[in-house]
$ cat target06.cif   # mmCIF, C-alpha atoms
data_target
#
loop_
_atom_site.label_atom_id
_atom_site.label_comp_id
_atom_site.auth_asym_id
_atom_site.auth_seq_id
_atom_site.Cartn_x
_atom_site.Cartn_y
_atom_site.Cartn_z
CA MET A 1109 88.29 74.90 78.16
CA ASN A 1110 84.70 76.10 78.41
CA GLU A 1111 84.98 76.09 82.18
CA ILE A 1112 87.83 78.60 82.11
CA PHE A 1113 85.55 81.04 80.23
CA LEU A 1114 82.92 80.43 82.88
CA LEU A 1115 85.53 81.29 85.54
CA ALA A 1116 86.44 84.48 83.66
CA TYR A 1117 82.75 85.37 83.35
CA HIS A 1118 82.00 84.86 87.04
CA PHE A 1119 84.95 86.93 88.19
CA PHE A 1120 84.22 89.64 85.64
CA ILE A 1121 80.68 89.95 87.05
CA THR A 1122 82.10 90.00 90.60
CA GLY A 1123 84.56 92.75 89.67
CA LEU A 1124 81.78 94.72 88.01
CA PHE A 1125 79.21 94.52 90.80
CA ALA A 1126 81.00 93.97 94.12
CA VAL A 1127 81.08 97.48 95.59
CA GLY A 1128 83.01 98.14 98.80
CA GLY A 1129 86.23 96.19 98.68
CA GLY A 1130 87.48 92.65 99.18
CA LEU A 1131 84.91 91.18 101.56
CA ALA A 1132 82.10 92.56 99.38
CA THR A 1133 83.05 89.80 96.93
CA LEU A 1134 81.92 87.13 99.44
CA PRO A 1135 78.24 86.94 98.41
CA PHE A 1136 79.40 86.58 94.79
CA LEU A 1137 81.74 83.74 95.75
CA TYR A 1138 78.96 81.84 97.55
CA ASP A 1139 76.78 82.29 94.50
CA MET A 1140 79.58 81.12 92.18
CA GLY A 1141 80.14 78.02 94.32
CA ARG A 1142 76.44 77.15 94.29
CA LYS A 1143 76.03 77.64 90.55
CA THR A 1144 79.18 75.87 89.38
CA GLY A 1145 79.73 73.30 92.12
CA TRP A 1146 83.45 74.17 92.12
CA PHE A 1147 83.52 74.70 95.89
CA ASP A 1148 81.16 74.83 98.88
CA ALA A 1149 80.63 77.27 101.75
CA ALA A 1150 83.29 75.55 103.89
CA ASP A 1151 85.82 76.02 101.06
CA VAL A 1152 84.92 79.71 100.97
CA ALA A 1153 85.58 80.01 104.73
CA ASN A 1154 88.97 78.38 104.18
CA MET A 1155 89.69 80.78 101.28
CA VAL A 1156 88.88 83.79 103.45
CA ALA A 1157 91.27 82.50 106.14
CA ILE A 1158 94.04 82.08 103.57
CA ALA A 1159 93.28 85.38 101.82
CA GLN A 1160 93.57 87.15 105.16
CA SER A 1161 96.72 85.37 106.28
CA THR A 1162 98.72 86.13 103.14
CA PRO A 1163 99.85 89.54 101.95
CA GLY A 1164 97.85 91.37 99.31
CA PRO A 1165 94.31 92.70 98.95
CA THR A 1166 91.72 90.18 100.24
CA GLY A 1167 89.57 90.25 97.09
CA ILE A 1168 92.54 89.55 94.83
CA ASN A 1169 93.76 86.73 97.05
CA MET A 1170 90.34 85.09 96.93
CA ALA A 1171 90.13 85.35 93.13
CA THR A 1172 93.60 83.85 92.78
CA TYR A 1173 92.81 81.07 95.23
CA VAL A 1174 89.51 80.10 93.61
CA GLY A 1175 91.12 80.12 90.16
CA PHE A 1176 94.11 78.07 91.28
CA HIS A 1177 91.98 75.67 93.33
CA ARG A 1178 90.07 74.68 90.20
CA PHE A 1179 92.38 75.27 87.20
CA GLY A 1180 95.95 75.71 88.50
CA ILE A 1181 98.17 78.63 87.50
CA LEU A 1182 96.10 79.45 84.40
CA GLY A 1183 92.99 79.71 86.58
CA ALA A 1184 94.80 81.92 89.09
CA VAL A 1185 95.82 84.35 86.35
CA VAL A 1186 92.45 84.27 84.54
CA GLY A 1187 90.43 84.69 87.78
CA THR A 1188 92.52 87.61 88.96
CA ALA A 1189 92.68 89.33 85.56
CA SER A 1190 88.88 88.99 85.20
CA ILE A 1191 88.11 90.52 88.58
CA VAL A 1192 90.36 93.56 88.03
CA PHE A 1193 89.41 94.25 84.40
CA PRO A 1194 86.10 96.07 85.11
CA SER A 1195 87.86 98.14 87.82
CA ILE A 1196 90.57 99.32 85.46
CA VAL A 1197 88.03 100.44 82.87
CA ILE A 1198 85.72 102.15 85.37
CA ILE A 1199 88.52 103.93 87.21
CA ILE A 1200 90.09 105.22 84.00
CA ILE A 1201 86.71 106.67 82.97
CA ILE A 1202 86.29 108.30 86.39
CA SER A 1203 89.88 109.60 86.27
CA LYS A 1204 89.20 111.27 82.93
CA ALA A 1205 86.06 112.91 84.28
CA LEU A 1206 87.89 113.99 87.44
CA THR A 1207 90.72 115.69 85.57
CA ARG A 1208 88.17 117.59 83.56
CA PHE A 1209 86.04 118.70 86.52
CA LYS A 1210 88.84 119.05 89.08
CA GLU A 1211 88.46 122.82 89.32
CA SER A 1212 84.66 122.67 89.63
CA GLN A 1213 83.39 124.01 92.95
CA LEU A 1214 80.89 121.14 93.26
CA VAL A 1215 83.63 118.48 92.96
CA GLN A 1216 85.78 120.38 95.48
CA ASP A 1217 82.83 120.54 97.91
CA ILE A 1218 82.14 116.81 97.53
CA PHE A 1219 85.77 116.01 98.30
CA TYR A 1220 85.67 118.31 101.32
CA GLY A 1221 83.10 115.84 102.73
CA LEU A 1222 84.70 112.68 101.31
CA ARG A 1223 88.18 113.13 102.79
CA PRO A 1224 87.22 113.05 106.48
CA ALA A 1225 84.79 110.19 105.66
CA SER A 1226 87.59 108.24 104.00
CA THR A 1227 89.84 108.85 107.02
CA GLY A 1228 87.01 107.69 109.31
CA LEU A 1229 86.54 104.47 107.33
CA ILE A 1230 90.24 103.68 107.63
CA LEU A 1231 90.10 104.34 111.38
CA ALA A 1232 87.16 101.89 111.61
CA ALA A 1233 89.20 99.31 109.65
CA ALA A 1234 92.05 99.84 112.14
CA PHE A 1235 89.61 99.08 115.01
CA GLY A 1236 88.71 95.86 113.21
CA VAL A 1237 92.36 94.77 113.22
CA ILE A 1238 92.81 95.87 116.85
CA GLN A 1239 89.82 93.75 117.89
CA ILE A 1240 91.39 90.60 116.52
CA SER A 1241 94.96 91.33 117.58
CA LEU A 1242 95.40 93.49 120.68
CA ILE A 1243 92.30 92.73 122.74
CA ASN A 1244 90.19 89.71 123.71
CA MET A 1245 86.66 90.62 122.75
CA GLY A 1246 85.30 87.31 124.01
CA ASN A 1247 86.82 87.69 127.48
CA THR A 1248 84.46 86.73 130.29
CA GLY A 1249 86.92 87.12 133.19
CA ASP A 1250 88.19 90.27 134.90
CA PHE A 1251 89.19 93.58 133.30
CA ILE A 1252 92.83 92.54 132.77
CA GLY A 1253 91.64 89.60 130.70
CA TYR A 1254 90.56 91.93 127.89
CA PHE A 1255 94.15 92.79 126.99
CA ARG A 1256 96.61 90.64 125.07
CA PHE A 1257 99.83 91.73 126.72
CA PRO A 1258 102.45 90.13 124.43
CA GLU A 1259 100.81 91.78 121.39
CA LEU A 1260 100.39 95.09 123.21
CA THR A 1261 104.06 95.07 124.25
CA LEU A 1262 105.10 94.40 120.66
CA ALA A 1263 102.79 97.17 119.43
CA ALA A 1264 104.31 99.61 121.93
CA LEU A 1265 107.81 98.63 120.81
CA ILE A 1266 106.88 99.10 117.14
CA PHE A 1267 105.31 102.48 117.96
CA LEU A 1268 108.49 103.73 119.67
CA LEU A 1269 110.69 102.53 116.82
CA HIS A 1270 108.29 104.03 114.25
CA LYS A 1271 108.34 107.44 115.98
CA TRP A 1272 112.05 107.41 116.74
CA LYS A 1273 113.71 106.14 113.55
CA LYS A 1274 110.89 106.17 110.97
CA PRO A 1275 112.03 102.90 109.38
CA HIS A 1276 110.30 101.61 106.24
CA PRO A 1277 106.97 99.85 107.01
CA ILE A 1278 108.36 96.72 105.30
CA PHE A 1279 111.15 96.56 107.90
CA LEU A 1280 108.68 96.86 110.79
CA ILE A 1281 106.30 94.26 109.32
CA VAL A 1282 109.08 91.71 108.76
CA MET A 1283 110.52 92.38 112.22
CA ALA A 1284 107.09 91.96 113.87
CA GLY A 1285 106.55 88.68 111.99
CA ILE A 1286 109.93 87.33 113.14
CA ILE A 1287 109.31 88.42 116.76
CA GLY A 1288 105.91 86.71 116.58
CA VAL A 1289 107.50 83.42 115.49
CA VAL A 1290 110.51 83.58 117.86
CA PHE A 1291 108.50 84.49 120.96
CA LYS A 1292 105.49 82.37 119.90
CA ILE A 1293 103.13 85.31 120.36
CA MET B 731 114.26 103.80 85.16
CA ASN B 732 111.24 103.55 82.91
CA LEU B 733 108.17 105.03 84.64
CA LEU B 734 106.03 101.97 83.87
CA ALA B 735 108.62 99.69 85.47
CA GLU B 736 108.80 102.02 88.47
CA LEU B 737 105.01 101.94 88.86
CA PHE B 738 104.99 98.16 88.61
CA ILE B 739 107.76 97.72 91.19
CA ALA B 740 106.38 100.28 93.65
CA PHE B 741 102.92 98.68 93.57
CA ALA B 742 104.34 95.16 93.74
CA ARG B 743 106.13 96.17 96.96
CA ILE B 744 102.84 97.56 98.29
CA GLY B 745 100.95 94.38 97.33
CA ALA B 746 103.58 92.13 98.88
CA PHE B 747 103.45 93.94 102.22
CA THR B 748 99.75 94.66 102.58
CA PHE B 749 98.56 92.50 105.46
CA GLY B 750 94.95 92.69 106.60
CA GLY B 751 93.01 93.94 103.60
CA GLY B 752 92.98 96.99 101.36
CA TYR B 753 93.02 99.72 104.00
CA ALA B 754 96.13 98.20 105.57
CA MET B 755 98.01 99.33 102.46
CA LEU B 756 97.69 102.96 103.54
CA PRO B 757 101.02 103.09 105.46
CA MET B 758 102.81 101.50 102.48
CA ILE B 759 101.13 103.85 99.98
CA LYS B 760 102.02 106.83 102.13
CA ARG B 761 105.67 105.81 102.24
CA GLU B 762 106.13 104.60 98.66
CA ILE B 763 103.74 106.81 96.66
CA VAL B 764 103.45 110.04 98.67
CA GLU B 765 106.84 110.36 100.36
CA LYS B 766 109.25 108.50 98.09
CA HIS B 767 107.93 108.98 94.54
CA HIS B 768 105.67 112.04 95.04
CA TRP B 769 103.14 110.53 92.63
CA ALA B 770 100.15 111.71 94.69
CA SER B 771 99.42 113.90 97.71
CA GLU B 772 97.86 112.53 100.91
CA GLN B 773 94.61 114.27 99.99
CA GLU B 774 94.55 112.57 96.60
CA VAL B 775 95.10 109.17 98.21
CA LEU B 776 92.10 109.82 100.49
CA ASP B 777 90.03 110.86 97.44
CA TYR B 778 90.97 107.62 95.67
CA PHE B 779 90.07 105.53 98.70
CA ALA B 780 86.68 107.26 98.94
CA ILE B 781 85.95 106.80 95.24
CA GLY B 782 87.17 103.20 95.50
CA GLN B 783 84.55 102.65 98.18
CA VAL B 784 81.61 103.70 95.97
CA THR B 785 82.80 102.16 92.71
CA PRO B 786 82.83 98.44 91.99
CA GLY B 787 86.01 96.50 92.49
CA ILE B 788 88.69 96.06 95.07
CA ILE B 789 89.84 99.31 96.70
CA ALA B 790 93.55 98.46 96.48
CA VAL B 791 93.20 97.82 92.75
CA ASN B 792 91.16 100.98 92.19
CA THR B 793 93.77 103.07 94.01
CA ALA B 794 96.59 101.53 91.96
CA THR B 795 94.73 102.21 88.70
CA PHE B 796 94.09 105.83 89.72
CA ILE B 797 97.72 106.58 90.52
CA GLY B 798 99.13 104.65 87.57
CA TYR B 799 96.72 106.32 85.14
CA LYS B 800 97.50 109.75 86.56
CA MET B 801 101.26 109.21 86.07
CA ALA B 802 101.36 107.40 82.73
CA GLY B 803 97.91 107.07 81.15
CA VAL B 804 96.22 103.75 80.42
CA ALA B 805 99.55 101.86 80.28
CA GLY B 806 100.43 103.30 83.71
CA GLY B 807 97.07 102.24 85.14
CA VAL B 808 97.61 98.71 83.89
CA ALA B 809 101.26 98.58 85.07
CA ALA B 810 100.35 99.71 88.61
CA THR B 811 97.37 97.33 88.80
CA VAL B 812 99.33 94.33 87.55
CA GLY B 813 102.03 95.30 90.05
CA VAL B 814 99.69 95.35 93.05
CA ILE B 815 98.16 91.96 92.20
CA PHE B 816 101.37 90.21 91.08
CA PRO B 817 102.62 89.20 94.57
CA SER B 818 99.15 87.86 95.43
CA VAL B 819 99.02 85.62 92.38
CA VAL B 820 102.47 84.19 93.08
CA ILE B 821 102.06 83.77 96.85
CA ILE B 822 98.51 82.37 96.74
CA SER B 823 99.43 79.91 93.98
CA ILE B 824 102.30 78.59 96.10
CA VAL B 825 100.15 78.41 99.23
CA ALA B 826 97.27 76.74 97.38
CA ALA B 827 99.63 74.22 95.77
CA PHE B 828 101.57 73.20 98.88
CA PHE B 829 99.59 73.97 102.01
CA THR B 830 96.09 72.66 102.48
CA SER B 831 95.70 74.23 105.90
CA PHE B 832 98.07 77.16 105.60
CA ALA B 833 96.20 79.40 108.02
CA ASP B 834 96.44 76.72 110.75
CA LEU B 835 100.23 76.29 110.61
CA PRO B 836 101.65 77.42 114.01
CA VAL B 837 104.47 79.40 112.34
CA VAL B 838 101.96 81.30 110.20
CA ALA B 839 99.68 81.97 113.17
CA HIS B 840 102.56 83.33 115.30
CA ALA B 841 103.98 85.44 112.48
CA PHE B 842 100.53 86.87 111.85
CA ASN B 843 99.91 87.71 115.49
CA GLY B 844 103.11 89.75 115.37
CA ILE B 845 102.34 91.32 112.00
CA ARG B 846 98.80 92.29 113.05
CA ALA B 847 100.10 94.07 116.16
CA CYS B 848 102.47 95.99 113.86
CA VAL B 849 99.74 96.76 111.31
CA CYS B 850 97.56 98.28 114.09
CA VAL B 851 100.33 100.76 114.94
CA LEU B 852 101.11 101.57 111.30
CA ILE B 853 97.47 102.18 110.32
CA LEU B 854 96.73 104.31 113.40
CA SER B 855 99.83 106.39 112.76
CA ALA B 856 98.89 106.85 109.09
CA VAL B 857 95.30 107.76 110.05
CA TYR B 858 96.65 110.39 112.46
CA ASP B 859 98.76 111.98 109.71
CA MET B 860 95.88 111.79 107.21
CA ALA B 861 93.43 113.32 109.69
CA LYS B 862 95.66 116.40 109.98
CA LYS B 863 95.09 116.94 106.23
CA SER B 864 91.41 115.97 105.97
CA VAL B 865 89.80 116.99 109.27
CA ILE B 866 90.33 120.69 108.63
CA ASP B 867 87.38 122.23 110.51
CA PHE B 868 84.50 121.45 112.85
CA PRO B 869 82.01 120.01 110.30
CA ALA B 870 84.80 117.81 108.86
CA ALA B 871 85.53 116.56 112.39
CA ILE B 872 81.85 115.61 112.78
CA ILE B 873 81.93 113.67 109.47
CA PHE B 874 85.15 111.92 110.54
CA ILE B 875 83.85 110.83 113.96
CA ALA B 876 80.36 109.88 112.71
CA VAL B 877 81.71 107.79 109.82
CA ALA B 878 84.33 106.06 111.98
CA ALA B 879 81.70 105.20 114.62
CA ALA B 880 79.05 104.04 112.14
CA ALA B 881 81.55 101.92 110.20
CA ALA B 882 83.09 100.42 113.35
CA MET B 883 79.65 99.44 114.66
CA ASN B 884 78.70 98.21 111.21
CA ILE B 885 75.32 99.97 111.21
CA ILE B 886 75.52 101.70 107.80
CA SER B 887 77.31 100.32 104.75
CA PRO B 888 80.52 102.13 103.77
CA PHE B 889 78.96 102.82 100.37
CA PHE B 890 76.18 104.93 101.89
CA LEU B 891 78.55 106.56 104.38
CA VAL B 892 80.63 107.86 101.47
CA VAL B 893 77.59 109.03 99.50
CA ILE B 894 76.07 110.79 102.54
CA SER B 895 79.41 112.44 103.42
CA GLY B 896 79.86 113.77 99.87
CA ALA B 897 76.35 115.29 99.98
CA PHE B 898 77.01 116.64 103.47
CA GLY B 899 80.21 118.28 102.20
CA VAL B 900 78.28 120.11 99.48
CA VAL B 901 75.58 121.30 101.92
CA ILE B 902 78.14 122.57 104.44
CA GLN B 903 80.03 124.50 101.78
CA LEU B 904 76.75 126.03 100.54
CA ILE B 905 75.94 127.18 104.07
CA LYS B 906 79.46 128.60 104.46
CA ALA B 907 79.15 130.48 101.14
CA ARG B 908 75.77 131.92 102.24
CA LYS B 909 77.28 133.19 105.47
CA GLN B 910 80.09 134.90 103.58
CA VAL B 911 77.63 136.71 101.30
CA LYS B 912 75.76 138.07 104.31
#
$ encode --input "target06.cif" --output "structure tokens"
Amino acid sequence: MNEIFLLAYHFFITGLFAVGGGLATLPFLYDMGRKTGWFDAADVANMVAIAQSTPGPTGINMATYVGFHRFGILGAVVGTASIVFPSIVIIIIISKALTRFKESQLVQDIFYGLRPASTGLILAAAFGVIQISLINMGNTGDFIGYFRFPELTLAALIFLLHKWKKPHPIFLIVMAGIIGVVFKI
Amino acid sequence: MNLLAELFIAFARIGAFTFGGGYAMLPMIKREIVEKHHWASEQEVLDYFAIGQVTPGIIAVNTATFIGYKMAGVAGGVAATVGVIFPSVVIISIVAAFFTSFADLPVVAHAFNGIRACVCVLILSAVYDMAKKSVIDFPAAIIFIAVAAAAAMNIISPFFLVVISGAFGVVIQLIKARKQVK
């Protein structure tokens, strides 16, 4: 029973101090593994692989996996609840402040700079996905070798469908997954 | 339907179909939150992402809390957050219980190759739409390009990029205001 509190404590600290999204929790996970002996660095690598090949935010998936790995369903729930708790409190405080200062010129000016930055960060994240899905970064052969043609064809198909019919993203994601399995992409 | 239930369901759908980390939820947020429910504008979503980057915690969770709190107070923030993490808890528990090498299963690998190709298109398309709302003038275009390049090359941490851009925004607006006075 004491160990479950330790789990809650570790994930609470992670949620409180890991700034910058899911993968920013990694150093905290390594530290947790070292201090508690619950898992080693190889387990963490496996968790990252699973967290990234299942739907949902990476940080949440890792918290759930670590919790479940050690304590079953209870651990999954406790780990996840502990990592999000600090966020909920902090964001609600910020939200309150934002509503109050929304009209302030300074806040408006800050957001004028933040919005294009935010868009730029998302574009960079998109490049990260493109690097592992549409192109071969490690290619040593000729120019053609840099492109993954089955994936690029599928991406082109999705793009046309997306522009033409505007189907729900869920439909496109499920369809792409099925095509991937059927055509062994 | 009860607003809390609606928040929970909308964010559970987003959580269940976010593949490839927090930013990959943008196309789903745009469709569910901005276009379908009108709970937030595209600009607000960008603000939440930026704040999520400089505050502790997972960006997807922070964004859910922001929107939920805005719509229905503390209970709304909790409902949206529990919604976005609910699919993860269920799916990961099943995967952890039954598959020791889930990521190595051929079916999973093929499905994910397909899904990733799709996610590339969806994110790029969402970024294009967002850029029309956020890159509104020349200095904003410079911030956008500089941040995208620095983040893609991994030379400055996203935290500092956001802080610097906020400060830059203030300076640019001050300069603009000066010019208008003259």
$ resolve_selection --input "target06.cif" --expression "the PyMOL selection byres ((chain B and resi 769-780) around 8)" --output "list in words"
Phe1219, Leu1222, Arg1223, Ala1225, Ser1226 and Thr1227 of chain A; Lys760, Ile763, Val764, His767, His768, Ile781, Gly782, Gln783, Val784, Ile789, Asn792, Thr793, Phe796, Ile797, Met801, Met860, Lys863, Ser864 and Val892 of chain B
$ axis_aligned_box --input "target06.cif" --around "range 1226-1233 of chain A" --padding-each-side "8 Å" --output "JSON"
{"center_x": 88.4, "center_y": 104.1, "center_z": 107.8, "size_x": 19.7, "size_y": 25.5, "size_z": 23.6}
$ atom_distance --input "target06.cif" --atom1 "CA of Ser1195 in chain A" --atom2 "CA of Asn1169 in chain A"
15.8 Å
$ atom_distance --input "target06.cif" --atom1 "CA of Ala810 in chain B" --atom2 "CA of Leu737 in chain B"
5.2 Å
$ residues_near_point --input "target06.cif" --point "(81.3, 89.1, 90.3)" --cutoff "9 Å" --atoms "all atoms listed in the file" --output "mmCIF file with C-alpha atoms, in the coordinates of the input"
data_model
loop_
_atom_site.group_PDB
_atom_site.id
_atom_site.type_symbol
_atom_site.label_atom_id
_atom_site.label_comp_id
_atom_site.auth_asym_id
_atom_site.auth_seq_id
_atom_site.Cartn_x
_atom_site.Cartn_y
_atom_site.Cartn_z
ATOM 1 C CA TYR A 1117 82.750 85.370 83.350
ATOM 2 C CA HIS A 1118 82.000 84.860 87.040
ATOM 3 C CA PHE A 1119 84.950 86.930 88.190
ATOM 4 C CA PHE A 1120 84.220 89.640 85.640
ATOM 5 C CA ILE A 1121 80.680 89.950 87.050
ATOM 6 C CA THR A 1122 82.100 90.000 90.600
ATOM 7 C CA GLY A 1123 84.560 92.750 89.670
ATOM 8 C CA LEU A 1124 81.780 94.720 88.010
ATOM 9 C CA PHE A 1125 79.210 94.520 90.800
ATOM 10 C CA ALA A 1126 81.000 93.970 94.120
ATOM 11 C CA THR A 1133 83.050 89.800 96.930
ATOM 12 C CA PRO A 1135 78.240 86.940 98.410
ATOM 13 C CA PHE A 1136 79.400 86.580 94.790
ATOM 14 C CA LEU A 1137 81.740 83.740 95.750
ATOM 15 C CA MET A 1140 79.580 81.120 92.180
ATOM 16 C CA ILE A 1191 88.110 90.520 88.580
#
$ resolve_selection --input "target06.cif" --expression "the PyMOL selection byres ((chain B and resi 813) around 10)" --output "mmCIF file with C-alpha atoms, in the frame of the given file"
data_model
loop_
_atom_site.group_PDB
_atom_site.id
_atom_site.type_symbol
_atom_site.label_atom_id
_atom_site.label_comp_id
_atom_site.auth_asym_id
_atom_site.auth_seq_id
_atom_site.Cartn_x
_atom_site.Cartn_y
_atom_site.Cartn_z
ATOM 1 C CA LEU B 734 106.030 101.970 83.870
ATOM 2 C CA ALA B 735 108.620 99.690 85.470
ATOM 3 C CA GLU B 736 108.800 102.020 88.470
ATOM 4 C CA LEU B 737 105.010 101.940 88.860
ATOM 5 C CA PHE B 738 104.990 98.160 88.610
ATOM 6 C CA ILE B 739 107.760 97.720 91.190
ATOM 7 C CA ALA B 740 106.380 100.280 93.650
ATOM 8 C CA PHE B 741 102.920 98.680 93.570
ATOM 9 C CA ALA B 742 104.340 95.160 93.740
ATOM 10 C CA ARG B 743 106.130 96.170 96.960
ATOM 11 C CA ILE B 744 102.840 97.560 98.290
ATOM 12 C CA GLY B 745 100.950 94.380 97.330
ATOM 13 C CA ALA B 746 103.580 92.130 98.880
ATOM 14 C CA VAL B 791 93.200 97.820 92.750
ATOM 15 C CA ALA B 794 96.590 101.530 91.960
ATOM 16 C CA GLY B 807 97.070 102.240 85.140
ATOM 17 C CA VAL B 808 97.610 98.710 83.890
ATOM 18 C CA ALA B 809 101.260 98.580 85.070
ATOM 19 C CA ALA B 810 100.350 99.710 88.610
ATOM 20 C CA THR B 811 97.370 97.330 88.800
ATOM 21 C CA VAL B 812 99.330 94.330 87.550
ATOM 22 C CA VAL B 814 99.690 95.350 93.050
ATOM 23 C CA ILE B 815 98.160 91.960 92.200
ATOM 24 C CA PHE B 816 101.370 90.210 91.080
ATOM 25 C CA PRO B 817 102.620 89.200 94.570
ATOM 26 C CA SER B 818 99.150 87.860 95.430
#
$ atom_distance --input "target06.cif" --atom1 "CA of Phe1113 in chain A" --atom2 "CA of Ile1198 in chain A"
21.7 Å
$ closest_residue --input "target06.cif" --among "B:Met758, B:Val837, B:Ala882, B:Val849" --to "Lys1292 in chain A" --atoms "only C-alpha atoms"
B:Val837
$ residues_around --input "target06.cif" --residues "range 1157-1166 of chain A" --least-positions-apart "5" --cutoff "9 Å" --atoms "only C-alpha atoms" --output "short mmCIF file (atom, residue, chain, number, x, y, z; two decimals) with C-alpha atoms, in the frame of the given file"
data_model
loop_
_atom_site.label_atom_id
_atom_site.label_comp_id
_atom_site.auth_asym_id
_atom_site.auth_seq_id
_atom_site.Cartn_x
_atom_site.Cartn_y
_atom_site.Cartn_z
CA GLY A 1129 86.23 96.19 98.68
CA GLY A 1130 87.48 92.65 99.18
CA LEU A 1131 84.91 91.18 101.56
CA VAL A 1152 84.92 79.71 100.97
CA ALA A 1171 90.13 85.35 93.13
CA TYR A 1173 92.81 81.07 95.23
CA ILE B 744 102.84 97.56 98.29
CA GLY B 745 100.95 94.38 97.33
CA ALA B 746 103.58 92.13 98.88
CA PHE B 747 103.45 93.94 102.22
CA THR B 748 99.75 94.66 102.58
CA PHE B 749 98.56 92.50 105.46
CA GLY B 750 94.95 92.69 106.60
CA GLY B 751 93.01 93.94 103.60
CA GLY B 752 92.98 96.99 101.36
CA TYR B 753 93.02 99.72 104.00
CA ALA B 754 96.13 98.20 105.57
CA MET B 755 98.01 99.33 102.46
CA ILE B 788 88.69 96.06 95.07
CA ILE B 789 89.84 99.31 96.70
CA ALA B 790 93.55 98.46 96.48
CA VAL B 791 93.20 97.82 92.75
CA VAL B 814 99.69 95.35 93.05
CA ILE B 815 98.16 91.96 92.20
CA PRO B 817 102.62 89.20 94.57
CA SER B 818 99.15 87.86 95.43
CA ILE B 821 102.06 83.77 96.85
CA ILE B 822 98.51 82.37 96.74
CA VAL B 825 100.15 78.41 99.23
CA ALA B 826 97.27 76.74 97.38
CA SER B 831 95.70 74.23 105.90
CA PHE B 832 98.07 77.16 105.60
CA ALA B 833 96.20 79.40 108.02
CA VAL B 838 101.96 81.30 110.20
CA ALA B 839 99.68 81.97 113.17
CA PHE B 842 100.53 86.87 111.85
#
$ closest_residue --input "target06.cif" --among "B:Val900, B:Leu733, B:Ile894, B:Ala861" --to "Gly806 in chain B" --atoms "all atoms listed in the file"
B:Leu733
$ closest_residue --input "target06.cif" --among "A:Ile1199, A:Ile1252, A:Pro1277, A:Thr1207" --to "Leu756 in chain B" --atoms "all atoms listed in the file"
A:Pro1277
$ closest_residue --input "target06.cif" --among "B:Thr785, B:Asn843, B:Gln910, B:Ser855" --to "Arg1256 in chain A" --atoms "only C-alpha atoms"
B:Asn843
$ closest_residue --input "target06.cif" --among "A:Val1174, A:Val1290, A:Ala1205, A:Val1127" --to "chain B" --atoms "all atoms listed in the file"
A:Val1127
$ closest_residue --input "target06.cif" --among "B:Lys906, B:Lys766, B:Lys862, B:Arg846" --to "chain A" --atoms "only C-alpha atoms"
B:Arg846
$ decode --input "target06.cif" --residues "range 867-878 of chain B" --atoms "N, CA and C atoms" --output "PDB file, in the first residue's frame"
ATOM      1  N   ASP B 867       1.187  39.428 -39.944  1.00  0.00           N
ATOM      2  CA  ASP B 867       2.000  40.464 -40.575  1.00  0.00           C
ATOM      3  C   ASP B 867       3.450  39.988 -40.679  1.00  0.00           C
ATOM      4  N   PHE B 868       4.327  40.886 -41.128  1.00  0.00           N
ATOM      5  CA  PHE B 868       5.711  40.488 -41.393  1.00  0.00           C
ATOM      6  C   PHE B 868       6.461  40.019 -40.130  1.00  0.00           C
ATOM      7  N   PRO B 869       6.412  40.805 -39.024  1.00  0.00           N
ATOM      8  CA  PRO B 869       7.124  40.332 -37.820  1.00  0.00           C
ATOM      9  C   PRO B 869       6.590  38.968 -37.338  1.00  0.00           C
ATOM     10  N   ALA B 870       5.275  38.765 -37.435  1.00  0.00           N
ATOM     11  CA  ALA B 870       4.703  37.473 -37.020  1.00  0.00           C
ATOM     12  C   ALA B 870       5.226  36.345 -37.907  1.00  0.00           C
ATOM     13  N   ALA B 871       5.425  36.655 -39.205  1.00  0.00           N
ATOM     14  CA  ALA B 871       5.960  35.642 -40.120  1.00  0.00           C
ATOM     15  C   ALA B 871       7.389  35.275 -39.726  1.00  0.00           C
ATOM     16  N   ILE B 872       8.156  36.285 -39.281  1.00  0.00           N
ATOM     17  CA  ILE B 872       9.537  36.015 -38.852  1.00  0.00           C
ATOM     18  C   ILE B 872       9.528  35.108 -37.615  1.00  0.00           C
ATOM     19  N   ILE B 873       8.658  35.419 -36.643  1.00  0.00           N
ATOM     20  CA  ILE B 873       8.558  34.579 -35.437  1.00  0.00           C
ATOM     21  C   ILE B 873       8.211  33.146 -35.845  1.00  0.00           C
ATOM     22  N   PHE B 874       7.205  33.010 -36.714  1.00  0.00           N
ATOM     23  CA  PHE B 874       6.734  31.687 -37.144  1.00  0.00           C
ATOM     24  C   PHE B 874       7.876  30.873 -37.762  1.00  0.00           C
ATOM     25  N   ILE B 875       8.583  31.472 -38.721  1.00  0.00           N
ATOM     26  CA  ILE B 875       9.646  30.741 -39.430  1.00  0.00           C
ATOM     27  C   ILE B 875      10.815  30.433 -38.480  1.00  0.00           C
ATOM     28  N   ALA B 876      11.203  31.436 -37.680  1.00  0.00           N
ATOM     29  CA  ALA B 876      12.347  31.238 -36.778  1.00  0.00           C
ATOM     30  C   ALA B 876      12.057  30.133 -35.758  1.00  0.00           C
ATOM     31  N   VAL B 877      10.851  30.157 -35.171  1.00  0.00           N
ATOM     32  CA  VAL B 877      10.504  29.153 -34.166  1.00  0.00           C
ATOM     33  C   VAL B 877      10.419  27.763 -34.792  1.00  0.00           C
ATOM     34  N   ALA B 878       9.781  27.675 -35.967  1.00  0.00           N
ATOM     35  CA  ALA B 878       9.668  26.368 -36.635  1.00  0.00           C
ATOM     36  C   ALA B 878      11.059  25.801 -36.929  1.00  0.00           C
TER      37      ALA B 878
END
